[in-house]
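Have a look at final-v9.txt below; it lists compact mmCIF, C-alpha atoms.
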```
# COMPACT_ATOMS: atom_id res chain seq x y z
CA MET A 237 -22.90 -75.90 88.87
CA ALA A 238 -26.41 -74.87 87.83
CA LEU A 239 -27.35 -71.21 87.79
CA PRO A 240 -30.13 -70.00 90.08
CA PRO A 241 -33.34 -69.65 88.14
CA GLY A 242 -34.14 -66.16 86.81
CA LEU A 243 -30.51 -65.01 86.38
CA PRO A 244 -29.28 -64.29 82.83
CA PRO A 245 -26.44 -66.52 81.59
CA PRO A 246 -22.98 -64.89 81.85
CA PRO A 247 -21.79 -63.20 78.65
CA LYS A 248 -19.77 -65.54 76.46
CA GLN A 249 -16.09 -64.54 76.16
CA GLN A 250 -15.67 -63.43 72.58
CA PRO A 251 -12.54 -64.92 70.94
CA MET A 252 -11.61 -61.58 69.38
CA ARG A 253 -11.77 -59.82 72.73
CA SER A 254 -9.58 -62.52 74.37
CA LEU A 255 -7.05 -62.26 71.54
CA HIS A 256 -7.02 -58.49 71.82
CA ARG A 257 -6.44 -58.70 75.56
CA ALA A 258 -3.57 -61.18 75.20
CA LEU A 259 -1.98 -59.16 72.43
CA GLY A 260 -2.37 -56.03 74.53
CA LEU A 261 -0.52 -57.54 77.49
CA VAL A 262 2.41 -58.82 75.46
CA GLY A 263 2.49 -55.79 73.17
CA ALA A 264 2.49 -53.36 76.09
CA LEU A 265 5.72 -54.87 77.43
CA PHE A 266 7.45 -54.47 74.07
CA LEU A 267 6.05 -50.99 73.60
CA LEU A 268 7.36 -50.00 77.01
CA LEU A 269 10.83 -51.21 76.02
CA LEU A 270 10.77 -49.61 72.57
CA VAL A 271 9.32 -46.29 73.69
CA SER A 272 11.59 -45.85 76.73
CA THR A 273 14.77 -46.75 74.80
CA GLY A 274 13.59 -44.77 71.76
CA ILE A 275 12.98 -41.57 73.71
CA ALA A 276 16.33 -41.89 75.49
CA LEU A 277 18.14 -42.49 72.18
CA GLN A 278 16.59 -39.36 70.70
CA HIS A 279 18.53 -37.29 73.25
CA PRO A 280 21.96 -38.91 73.75
CA GLY A 281 23.57 -35.61 74.72
CA LEU A 282 20.94 -34.71 77.28
CA PHE A 283 21.17 -38.08 79.01
CA ARG A 284 24.95 -38.34 78.40
CA LEU A 285 24.44 -41.73 76.82
CA ASP A 286 27.51 -41.45 74.62
CA THR A 287 29.86 -40.60 77.48
CA THR A 288 28.50 -42.93 80.15
CA PHE A 289 29.69 -46.51 80.11
CA VAL A 290 28.09 -49.76 81.14
CA THR A 291 29.84 -51.01 84.29
CA SER A 292 27.61 -53.91 85.29
CA ALA A 293 29.74 -57.06 85.35
CA ALA A 294 26.74 -59.18 84.35
CA LEU A 295 26.01 -57.05 81.28
CA LEU A 296 29.67 -56.94 80.24
CA ASP A 297 29.83 -60.73 80.62
CA TRP A 298 26.71 -60.99 78.47
CA TYR A 299 28.52 -58.95 75.80
CA GLY A 300 31.45 -61.36 76.09
CA VAL A 301 34.00 -58.70 76.96
CA SER A 302 37.40 -60.31 77.54
CA VAL A 303 40.41 -58.60 79.09
CA PRO A 304 43.75 -58.37 77.24
CA PRO A 305 47.06 -58.57 79.14
CA ALA A 306 48.25 -55.38 80.85
CA ARG A 307 51.71 -53.78 80.93
CA VAL A 308 52.88 -51.39 83.62
CA PHE A 309 55.75 -48.89 83.74
CA ASP A 310 57.22 -47.35 86.87
CA ALA A 311 57.45 -43.54 86.67
CA GLY A 312 58.91 -42.47 90.01
CA THR A 313 56.09 -42.65 92.49
CA HIS A 314 53.57 -43.12 89.68
CA ARG A 315 52.52 -46.16 87.72
CA VAL A 316 51.48 -45.90 84.07
CA ALA A 317 49.69 -48.91 82.64
CA ARG A 318 48.41 -49.99 79.27
CA ILE A 319 45.59 -52.47 78.83
CA GLY A 320 44.10 -52.85 75.37
CA GLU A 321 43.69 -49.32 74.02
CA LEU A 322 43.41 -47.83 77.49
CA THR A 323 46.28 -46.06 79.25
CA THR A 324 46.06 -45.27 82.95
CA LEU A 325 48.01 -43.13 85.37
CA ASP A 326 47.85 -44.52 88.90
CA ASP A 327 44.85 -46.65 87.85
CA ASN A 328 42.95 -43.60 86.50
CA PRO A 329 42.22 -43.64 82.75
CA ILE A 330 44.00 -41.02 80.63
CA ASP A 331 41.52 -39.54 78.17
CA LEU A 332 44.05 -39.00 75.41
CA ALA A 333 44.79 -40.94 72.25
CA ILE A 334 48.00 -42.77 73.03
CA ASP A 335 49.48 -45.23 70.54
CA ASP A 336 51.59 -48.16 71.52
CA LEU A 337 52.95 -47.23 74.97
CA ILE A 338 56.67 -47.89 75.33
CA GLY A 339 57.40 -46.28 78.69
CA ALA A 340 56.83 -43.56 81.26
CA ILE A 341 59.28 -41.41 83.17
CA ALA A 342 58.86 -38.92 86.02
CA VAL A 343 60.75 -35.64 85.51
CA ALA A 344 60.51 -32.47 87.59
CA GLY A 345 57.03 -33.17 88.91
CA HIS A 346 55.76 -34.25 85.50
CA VAL A 347 54.99 -37.68 84.16
CA LEU A 348 56.23 -38.25 80.62
CA VAL A 349 54.18 -40.88 78.81
CA VAL A 350 55.96 -42.09 75.70
CA ASP A 351 54.41 -44.01 72.84
CA THR A 352 55.97 -44.89 69.51
CA GLU A 353 54.81 -41.62 67.94
CA GLN A 354 54.74 -38.95 70.59
CA LEU A 355 55.53 -37.75 74.07
CA THR A 356 52.64 -36.76 76.33
CA ILE A 357 53.54 -34.59 79.32
CA LEU A 358 51.15 -34.84 82.26
CA THR A 359 51.07 -33.38 85.73
CA GLY A 360 51.18 -35.83 88.63
CA THR A 361 47.39 -35.69 88.78
CA GLY A 362 47.00 -36.54 85.09
CA GLU A 363 46.34 -33.06 83.71
CA LEU A 364 47.68 -32.56 80.20
CA VAL A 365 50.65 -30.19 79.96
CA ASP A 366 51.67 -30.68 76.34
CA ARG A 367 52.11 -33.23 73.60
CA MET A 368 54.99 -33.34 71.16
CA SER A 369 55.76 -35.66 68.31
CA ILE A 370 58.90 -37.78 68.21
CA PRO A 371 60.76 -37.17 64.92
CA THR A 372 61.32 -40.88 64.25
CA GLN A 373 59.33 -43.84 65.47
CA ALA A 374 60.46 -44.64 69.01
CA ILE A 375 61.37 -48.14 70.07
CA ALA A 376 62.28 -47.65 73.73
CA VAL A 377 62.58 -44.92 76.33
CA GLY A 378 65.14 -44.65 79.10
CA THR A 379 66.95 -42.34 81.47
CA GLY A 380 70.59 -41.44 81.43
CA ALA A 381 72.33 -43.21 84.31
CA ALA A 382 74.56 -40.20 85.05
CA ASP A 383 72.29 -37.17 84.43
CA GLY A 384 68.73 -38.53 84.49
CA SER A 385 68.14 -37.25 80.96
CA VAL A 386 65.20 -38.58 78.96
CA ASN A 387 66.19 -40.55 75.89
CA VAL A 388 64.30 -42.44 73.21
CA ARG A 389 65.82 -45.10 71.03
CA THR A 390 64.81 -44.95 67.36
CA ALA A 391 65.91 -46.83 64.29
CA SER A 392 68.16 -43.91 63.36
CA GLY A 393 69.78 -43.42 66.77
CA VAL A 394 69.12 -42.10 70.25
CA LEU A 395 67.26 -38.81 70.74
CA ARG A 396 67.57 -36.81 73.95
CA LEU A 397 64.87 -34.52 75.33
CA SER A 398 65.96 -30.99 76.21
CA GLU A 399 65.82 -29.96 79.87
CA ASP A 400 62.80 -27.70 79.29
CA LEU A 401 61.00 -30.70 77.77
CA ALA A 402 60.56 -28.83 74.49
CA ASP A 403 62.97 -30.26 71.90
CA TRP A 404 64.61 -33.47 70.77
CA HIS A 405 68.32 -33.54 69.97
CA PRO A 406 70.51 -36.41 68.80
CA ALA A 407 72.28 -37.86 71.84
CA VAL A 408 75.89 -37.52 70.71
CA ASP A 409 77.49 -39.09 73.74
CA ALA A 410 74.59 -41.01 75.15
CA GLY A 411 76.54 -42.74 77.93
CA GLU A 412 74.81 -45.44 79.90
CA ILE A 413 71.04 -45.38 79.49
CA ARG A 414 68.67 -47.45 81.59
CA TRP A 415 66.04 -48.52 79.06
CA GLN A 416 62.63 -49.18 80.49
CA THR A 417 60.96 -52.54 80.34
CA ALA A 418 57.30 -53.30 80.92
CA LEU A 419 56.28 -54.94 84.19
CA GLU A 420 53.38 -57.19 85.05
CA PRO A 421 50.63 -55.49 87.07
CA ASN A 422 50.70 -56.44 90.73
CA ALA A 423 47.86 -58.21 92.53
CA ALA A 424 46.27 -54.95 93.70
CA GLU A 425 46.51 -53.27 90.28
CA ARG A 426 45.21 -56.08 88.11
CA PRO A 427 41.52 -56.00 89.17
CA LEU A 428 41.49 -52.18 89.03
CA LEU A 429 42.95 -52.14 85.54
CA GLU A 430 40.61 -54.85 84.34
CA ALA A 431 37.60 -53.00 85.76
CA ALA A 432 38.77 -49.73 84.17
CA TYR A 433 39.23 -51.47 80.81
CA ARG A 434 35.91 -53.28 80.89
CA GLY A 435 34.11 -50.20 82.17
CA ARG A 436 35.04 -48.09 79.13
CA LEU A 437 34.13 -50.34 76.28
CA ILE A 438 30.36 -50.18 75.90
CA THR A 439 28.51 -46.89 76.15
CA VAL A 440 24.98 -46.73 77.51
CA GLU A 441 23.98 -45.47 74.04
CA ARG A 442 25.33 -48.68 72.48
CA PHE A 443 23.51 -50.77 75.08
CA LEU A 444 20.20 -48.95 74.50
CA LEU A 445 20.62 -49.21 70.71
CA ASP A 446 21.14 -52.94 71.06
CA LEU A 447 18.08 -53.21 73.31
CA HIS A 448 16.02 -51.11 70.92
CA SER A 449 17.01 -53.12 67.86
CA GLY A 450 16.92 -56.47 69.65
CA ARG A 451 20.60 -57.20 68.97
CA PHE A 452 21.19 -57.40 72.71
CA PHE A 453 19.19 -60.65 72.73
CA GLY A 454 21.53 -62.30 70.28
CA ARG A 455 21.42 -63.32 66.66
CA TYR A 456 17.66 -63.74 66.54
CA GLY A 457 16.93 -60.67 68.67
CA PRO A 458 16.07 -58.36 65.72
CA TYR A 459 13.54 -60.95 64.47
CA PHE A 460 12.08 -61.04 67.96
CA ILE A 461 11.58 -57.26 67.82
CA ASP A 462 10.08 -57.63 64.33
CA LEU A 463 7.62 -60.13 65.79
CA ALA A 464 6.79 -57.67 68.57
CA ALA A 465 6.11 -54.99 65.98
CA ILE A 466 3.76 -57.37 64.14
CA LEU A 467 2.04 -58.14 67.47
CA VAL A 468 1.42 -54.44 67.98
CA LEU A 469 0.04 -54.20 64.45
CA LEU A 470 -2.33 -57.10 65.21
CA LEU A 471 -3.30 -55.37 68.44
CA ALA A 472 -4.25 -52.26 66.51
CA ALA A 473 -6.17 -54.33 63.94
CA SER A 474 -8.08 -56.35 66.57
CA GLY A 475 -8.88 -53.13 68.45
CA LEU A 476 -10.33 -51.57 65.30
CA LEU A 477 -12.38 -54.69 64.60
CA LEU A 478 -13.80 -54.71 68.14
CA MET A 479 -14.68 -51.04 67.92
CA ARG A 480 -16.46 -51.60 64.62
CA ARG A 481 -18.49 -54.48 66.03
CA ARG A 482 -19.52 -52.42 69.02
CA GLN A 483 -20.73 -49.62 66.74
CA MET B 175 39.91 -44.61 22.32
CA ARG B 176 38.59 -47.12 24.89
CA ILE B 177 42.10 -48.26 25.68
CA VAL B 178 43.18 -44.66 26.26
CA THR B 179 40.20 -44.09 28.60
CA ILE B 180 41.00 -47.23 30.63
CA LEU B 181 44.66 -46.25 30.86
CA VAL B 182 43.76 -42.76 32.07
CA CYS B 183 41.40 -44.26 34.69
CA CYS B 184 44.10 -46.68 35.89
CA LEU B 185 46.53 -43.80 36.22
CA LEU B 186 44.09 -41.53 38.06
CA LEU B 187 42.51 -44.08 40.41
CA PRO B 188 45.46 -44.50 42.81
CA THR B 189 45.89 -40.73 42.92
CA ALA B 190 42.25 -40.20 43.82
CA ALA B 191 42.35 -42.92 46.49
CA GLY B 192 45.47 -41.43 48.02
CA ALA B 193 44.00 -37.95 48.03
CA THR B 194 41.09 -39.00 50.22
CA ALA B 195 43.13 -40.97 52.73
CA PRO B 196 43.76 -39.37 56.11
CA GLY B 197 47.42 -39.26 57.04
CA THR B 198 50.53 -37.20 57.53
CA TYR B 199 50.95 -34.72 54.68
CA LEU B 200 53.92 -32.91 56.14
CA ALA B 201 55.83 -34.12 59.20
CA PRO B 202 56.00 -31.45 61.94
CA GLU B 203 59.81 -31.53 61.83
CA ALA B 204 59.74 -31.03 58.05
CA PHE B 205 57.37 -28.08 58.48
CA ILE B 206 59.79 -26.40 60.88
CA ALA B 207 62.77 -27.18 58.65
CA ARG B 208 60.92 -25.70 55.66
CA THR B 209 59.93 -22.56 57.57
CA PHE B 210 63.34 -21.77 59.02
CA PRO B 211 66.52 -22.44 57.00
CA SER B 212 68.34 -23.00 60.29
CA PRO B 213 65.61 -24.02 62.74
CA PRO B 214 65.74 -22.18 66.07
CA PRO B 215 65.25 -24.12 69.31
CA ALA B 216 61.64 -24.49 70.40
CA GLY B 217 60.34 -21.94 72.88
CA VAL B 218 57.67 -22.65 75.45
CA LEU B 219 54.70 -20.41 76.17
CA TRP B 220 52.77 -21.24 79.33
CA TYR B 221 49.11 -20.30 79.39
CA ASP B 222 48.10 -17.75 82.01
CA ASP B 223 44.50 -16.77 82.70
CA SER B 224 44.44 -13.87 80.23
CA LEU B 225 45.99 -15.91 77.43
CA ARG B 226 43.64 -18.78 78.18
CA ALA B 227 40.67 -16.39 77.95
CA ALA B 228 41.95 -14.83 74.72
CA LEU B 229 42.39 -18.26 73.16
CA ALA B 230 38.98 -19.41 74.36
CA GLU B 231 37.48 -16.39 72.60
CA VAL B 232 38.85 -17.38 69.20
CA LEU B 233 38.79 -21.17 69.63
CA GLY B 234 35.37 -21.39 71.25
CA HIS B 235 36.84 -23.58 73.99
CA ALA B 236 39.70 -23.46 76.47
CA PRO B 237 43.04 -24.51 74.99
CA HIS B 238 44.18 -28.04 75.73
CA GLY B 239 47.17 -28.46 77.98
CA LEU B 240 49.08 -25.97 80.06
CA ARG B 241 51.63 -24.78 77.52
CA VAL B 242 52.40 -24.59 73.82
CA ARG B 243 55.69 -24.81 71.95
CA TYR B 244 56.71 -22.41 69.23
CA TRP B 245 59.64 -21.56 67.01
CA ARG B 246 60.72 -18.00 66.49
CA ASP B 247 63.13 -16.15 64.29
CA GLY B 248 62.85 -12.35 64.68
CA GLU B 249 59.30 -11.28 63.86
CA ARG B 250 58.30 -14.68 62.51
CA THR B 251 56.86 -17.42 64.67
CA ALA B 252 55.74 -20.93 63.76
CA TRP B 253 53.11 -22.93 65.60
CA ILE B 254 52.03 -26.54 65.43
CA LEU B 255 48.51 -26.74 66.80
CA ASP B 256 45.87 -29.45 67.05
CA GLU B 257 42.16 -28.76 66.66
CA VAL B 258 39.30 -31.20 66.42
CA GLY B 259 37.22 -30.91 63.27
CA LYS B 260 34.45 -33.39 63.99
CA ASP B 261 35.92 -36.24 66.03
CA LYS B 262 39.68 -36.27 65.66
CA PRO B 263 42.39 -33.63 65.92
CA ILE B 264 43.76 -32.04 62.77
CA THR B 265 47.39 -30.94 63.15
CA LEU B 266 48.09 -27.62 61.46
CA GLY B 267 51.30 -25.70 61.03
CA VAL B 268 50.91 -21.92 61.01
CA VAL B 269 53.56 -19.29 60.38
CA VAL B 270 52.81 -15.77 61.60
CA ALA B 271 54.80 -12.65 60.76
CA ASN B 272 53.90 -9.17 62.00
CA SER B 273 50.54 -10.42 63.31
CA ARG B 274 49.52 -11.67 59.87
CA ILE B 275 49.37 -15.25 58.68
CA GLU B 276 52.28 -16.04 56.40
CA SER B 277 51.25 -19.63 55.69
CA LEU B 278 48.98 -22.36 56.97
CA ASP B 279 49.54 -26.05 56.24
CA VAL B 280 47.67 -29.18 57.16
CA LEU B 281 50.33 -31.46 58.64
CA VAL B 282 48.29 -34.42 59.85
CA PHE B 283 44.66 -35.08 58.96
CA ARG B 284 42.89 -37.81 60.91
CA GLU B 285 39.21 -37.23 60.13
CA SER B 286 37.41 -39.31 57.51
CA ARG B 287 36.01 -36.23 55.75
CA GLY B 288 37.10 -32.71 55.04
CA TRP B 289 40.64 -33.52 53.81
CA GLU B 290 40.13 -30.97 51.00
CA ILE B 291 41.35 -28.25 53.36
CA ARG B 292 44.91 -29.40 52.75
CA HIS B 293 44.89 -28.07 49.19
CA ALA B 294 46.52 -24.78 48.29
CA PHE B 295 43.26 -23.33 46.88
CA PHE B 296 42.03 -23.34 50.48
CA THR B 297 45.18 -22.69 52.52
CA ASN B 298 46.26 -19.78 50.29
CA GLN B 299 43.23 -17.83 51.52
CA PHE B 300 44.94 -17.45 54.91
CA ARG B 301 47.94 -15.56 53.53
CA ASN B 302 48.12 -12.09 55.02
CA ALA B 303 44.98 -12.67 57.11
CA ARG B 304 44.89 -10.79 60.41
CA LEU B 305 42.53 -10.43 63.35
CA ASP B 306 40.07 -7.53 63.26
CA GLU B 307 38.75 -5.66 66.33
CA ARG B 308 36.20 -8.41 66.92
CA ARG B 309 38.99 -10.99 66.90
CA ARG B 310 37.82 -12.48 63.62
CA LEU B 311 39.99 -13.30 60.64
CA GLU B 312 40.09 -10.53 58.09
CA PRO B 313 39.55 -11.19 55.20
CA GLY B 314 37.03 -13.98 55.79
CA ILE B 315 37.74 -17.52 54.72
CA ASP B 316 35.52 -19.18 52.11
CA GLY B 317 34.25 -22.62 53.10
CA ILE B 318 34.31 -25.89 51.21
CA THR B 319 31.11 -27.87 50.75
CA GLY B 320 31.37 -31.10 52.73
CA ALA B 321 34.33 -29.88 54.76
CA THR B 322 32.61 -27.28 56.94
CA LEU B 323 33.92 -28.55 60.28
CA SER B 324 37.49 -28.88 59.00
CA VAL B 325 37.33 -25.37 57.52
CA ARG B 326 36.12 -24.00 60.86
CA ALA B 327 38.87 -25.86 62.72
CA ALA B 328 41.54 -24.42 60.40
CA THR B 329 40.08 -20.92 60.77
CA ARG B 330 40.05 -21.19 64.57
CA VAL B 331 43.65 -22.39 64.61
CA ALA B 332 44.77 -19.53 62.36
CA ALA B 333 43.16 -17.02 64.73
CA ALA B 334 44.69 -18.76 67.76
CA ALA B 335 48.15 -18.66 66.16
CA ILE B 336 47.88 -14.87 65.76
CA VAL B 337 46.80 -14.52 69.41
CA LEU B 338 49.78 -16.62 70.50
CA HIS B 339 52.17 -14.72 68.23
CA GLU B 340 51.01 -11.39 69.63
CA ARG B 341 51.52 -12.68 73.17
CA VAL B 342 55.09 -13.77 72.41
CA MET B 343 55.86 -10.40 70.82
CA ARG B 344 54.30 -8.50 73.73
CA GLN B 345 56.28 -10.57 76.24
CA ASP B 346 59.40 -9.67 74.34
CA THR B 347 58.54 -5.97 74.43
CA LYS B 348 57.88 -6.16 78.18
CA LEU B 349 61.20 -7.92 78.77
CA ALA B 350 63.00 -5.29 76.72
CA ALA B 351 61.26 -2.47 78.64
CA ASN B 352 62.16 -4.06 81.99
CA ALA B 353 65.76 -4.50 80.90
CA GLY B 354 65.86 -0.85 79.78
```
Give the structure from this file in structure tokens form.
Amino acid sequence: MALPPGLPPPPKQQPMRSLHRALGLVGALFLLLLVSTGIALQHPGLFRLDTTFVTSAALLDWYGVSVPPARVFDAGTHRVARIGELTTLDDNPIDLAIDDLIGAIAVAGHVLVVDTEQLTILTGTGELVDRMSIPTQAIAVGTGAADGSVNVRTASGVLRLSEDLADWHPAVDAGEIRWQTALEPNAAERPLLEAAYRGRLITVERFLLDLHSGRFFGRYGPYFIDLAAILVLLLAASGLLLMRRRQ
Amino acid sequence: MRIVTILVCCLLLPTAAGATAPGTYLAPEAFIARTFPSPPPAGVLWYDDSLRAALAEVLGHAPHGLRVRYWRDGERTAWILDEVGKDKPITLGVVVANSRIESLDVLVFRESRGWEIRHAFFTNQFRNARLDERRRLEPGIDGITGATLSVRAATRVAAAAIVLHERVMRQDTKLAANAG
């Protein structure tokens, strides 16, 4: 379409200006990502990044988190479960280092969680009462059929826990002991355990670090971030050039 | 000469590697057996508010759990206590007699650094240490470069063991007074 006579022709789009604009748009998106994750990562304690976990199913699927089989032990009215490295009491995670769980027993209002190395005494609500080592590596835990005593089977014999839950003694006349065996989680427990397990694997700090470095986007993600950094460099260079021309 | 040097290196290398590895240096049961020729049964001390506050003062945090076990023979008590250095708990065995530290041993070390605190040149400093009016160990404990957090953890545990010992002794005095 012809221009009306007398009007000046529109200014020609300079290639450098167009490039600068395009670089600015793309670069701004990357800068937004890098700056927001960078600032957050500078203050992990303030934002509780290291103690908050990613719970989004989509993100956990992206990370390829799989769920190991779970084992459950009946402890009176309580249920103690183990899934991967996580131990739960009534589906609530226990924030204590527990080795290979071999059983759980309810005694006098307490829940005794037994792993191969130690006994952890909890209240019914999961509060820690005490922890005590087991003199020899435990293989199984069980209760005395006659007296309800707590016993652990080790390679060197059976040890019995004192009534005040403070000492181990060799069980001289052990009598009949009902050794505990692990159960499968029931239909209601399984999804809760799996969610608890998956929801405590990846901290928000890890997620932000992966976003910041580009590892979140896969094998070539870091190169992608490198490219973004180069784009920002080009943006700065083109900006300087444009400013020089204008002067 | 070169052969001798290589042989010496071969002999020392496994020792050095073992020295840096975290692990159990003295099993808790062995610590008790070493402390008491005929080990007494374990006693149980439940934390009340005042004890919890006194421990928080020397530990810098509330004690974990609701109770602690101890072994006692007369005026001597032995304690097995866990304290986190940087990330993981260090298990220490402390013997207290007459409100002074008799010995302190690193039983289990789980951290990746700071294992030097297990050596006698460090643990011997605690012998005869007591708490002053400000609830600090007297005499002070010299640190180890590169093991600052482990040194602090051991120092806190030593102070906590004296607080616990004094509580057990006071309880005993109260019981005796009530009986009288």
Within 9 Å of segment 385-399 of chain A, counting all atoms listed in the file, which residues qualify if same-chain residues fewer than 2 places away don't, as number ranges by chain? A: 341, 343, 350, 370-383, 401-408, 410, 413, 415
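Comparing the minimum interatomic distances between chain A and each of B:Tyr244, B:Trp289, B:Phe210, B:Tyr199, counting all atoms listed in the file, we find that B:Tyr244 sits nearest.
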Give me, as a VMD selection string, the contact residues of chain A against chain B at a cut-off of 6 Å, counting only C-alpha atoms. chain A and resid 364 to 366
Restrict the calculation to all atoms listed in the file, then for each residue of segment 198-284 of chain B with any atom at most 9 Å from an atom of segment 305-312 of chain B give the closest atom pair and their distance in Å to one decimal, rows by chain and rising residue number, as JSON lines.
```
{"residue": "B:Glu231", "atom": "CA", "partner": "B:Arg309", "partner_atom": "CA", "distance": 8.0}
{"residue": "B:Val232", "atom": "CA", "partner": "B:Arg309", "partner_atom": "CA", "distance": 6.8}
{"residue": "B:Ser273", "atom": "CA", "partner": "B:Leu305", "partner_atom": "CA", "distance": 8.0}
{"residue": "B:Arg274", "atom": "CA", "partner": "B:Leu305", "partner_atom": "CA", "distance": 7.9}
```
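The interatomic distance for the pair atom CA of Thr352 of chain A and atom CA of Leu323 of chain B works out to 29.0 Å.
The space separating atom CA of Ser254 of chain A from atom CA of Leu463 of chain A comes to 19.4 Å.
By all atoms listed in the file, and with residues fewer than 6 positions from Glu430 of chain A along its chain excluded, the set lying at most 10 Å from it is Ser302, Val303, Pro304, Pro305, Ala306, Ile319, Gly320 and Asp327 of chain A.
The gap separating atom CA of Asp261 of chain B from atom CA of Leu233 of chain B is 15.8 Å, in Å to one decimal.
Using all atoms listed in the file, the nearest neighbour of Phe283 of chain B within the list B:Val268, B:Leu200, B:Asp247, B:Ala335 is B:Leu200.
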Near Gln278 of chain A, within 12 Å and counting all atoms listed in the file, which residues show up once chain neighbours fewer than 5 positions away are dropped, as a count of residues only? 12
Which centre and edge lengths in Å to one decimal define the box along x, y and z that fits every listed atom of segment 334-339 of chain B plus 3 Å per side, as JSON?
```
{"center_x": 48.4, "center_y": -16.6, "center_z": 68.1, "size_x": 13.5, "size_y": 10.2, "size_z": 10.7}
```
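If all atoms listed in the file are the atoms counted, then among A:Gly260, A:Gly274, A:Pro329, A:Gly450 the closest residue to Leu469 of chain A is A:Gly260.
The nearest approach to Ser286 of chain B among the residues B:Ala351, B:Ala321, B:Ala303, B:Val269, with all atoms listed in the file taken into account, belongs to B:Ala321.
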Using all atoms listed in the file - which residues lie no farther than 12 Å from the point (53.9, -10.1, 71.3) in the file's frame? Write them as a PyMOL selection string. chain B and resi 219+225+246+248-251+270-273+335-350
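Compared by their closest atoms to Thr297 of chain B, and using all atoms listed in the file, the residues B:Thr322, B:Thr265, B:Ser212, B:Thr329 rank with B:Thr329 nearest.
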Contacts of Gly312 of chain A at 10 Å (all atoms listed in the file; same-chain gap of 2+ positions) as a ChimeraX atom specification: /A:309-310,314-315,340-343,345-347
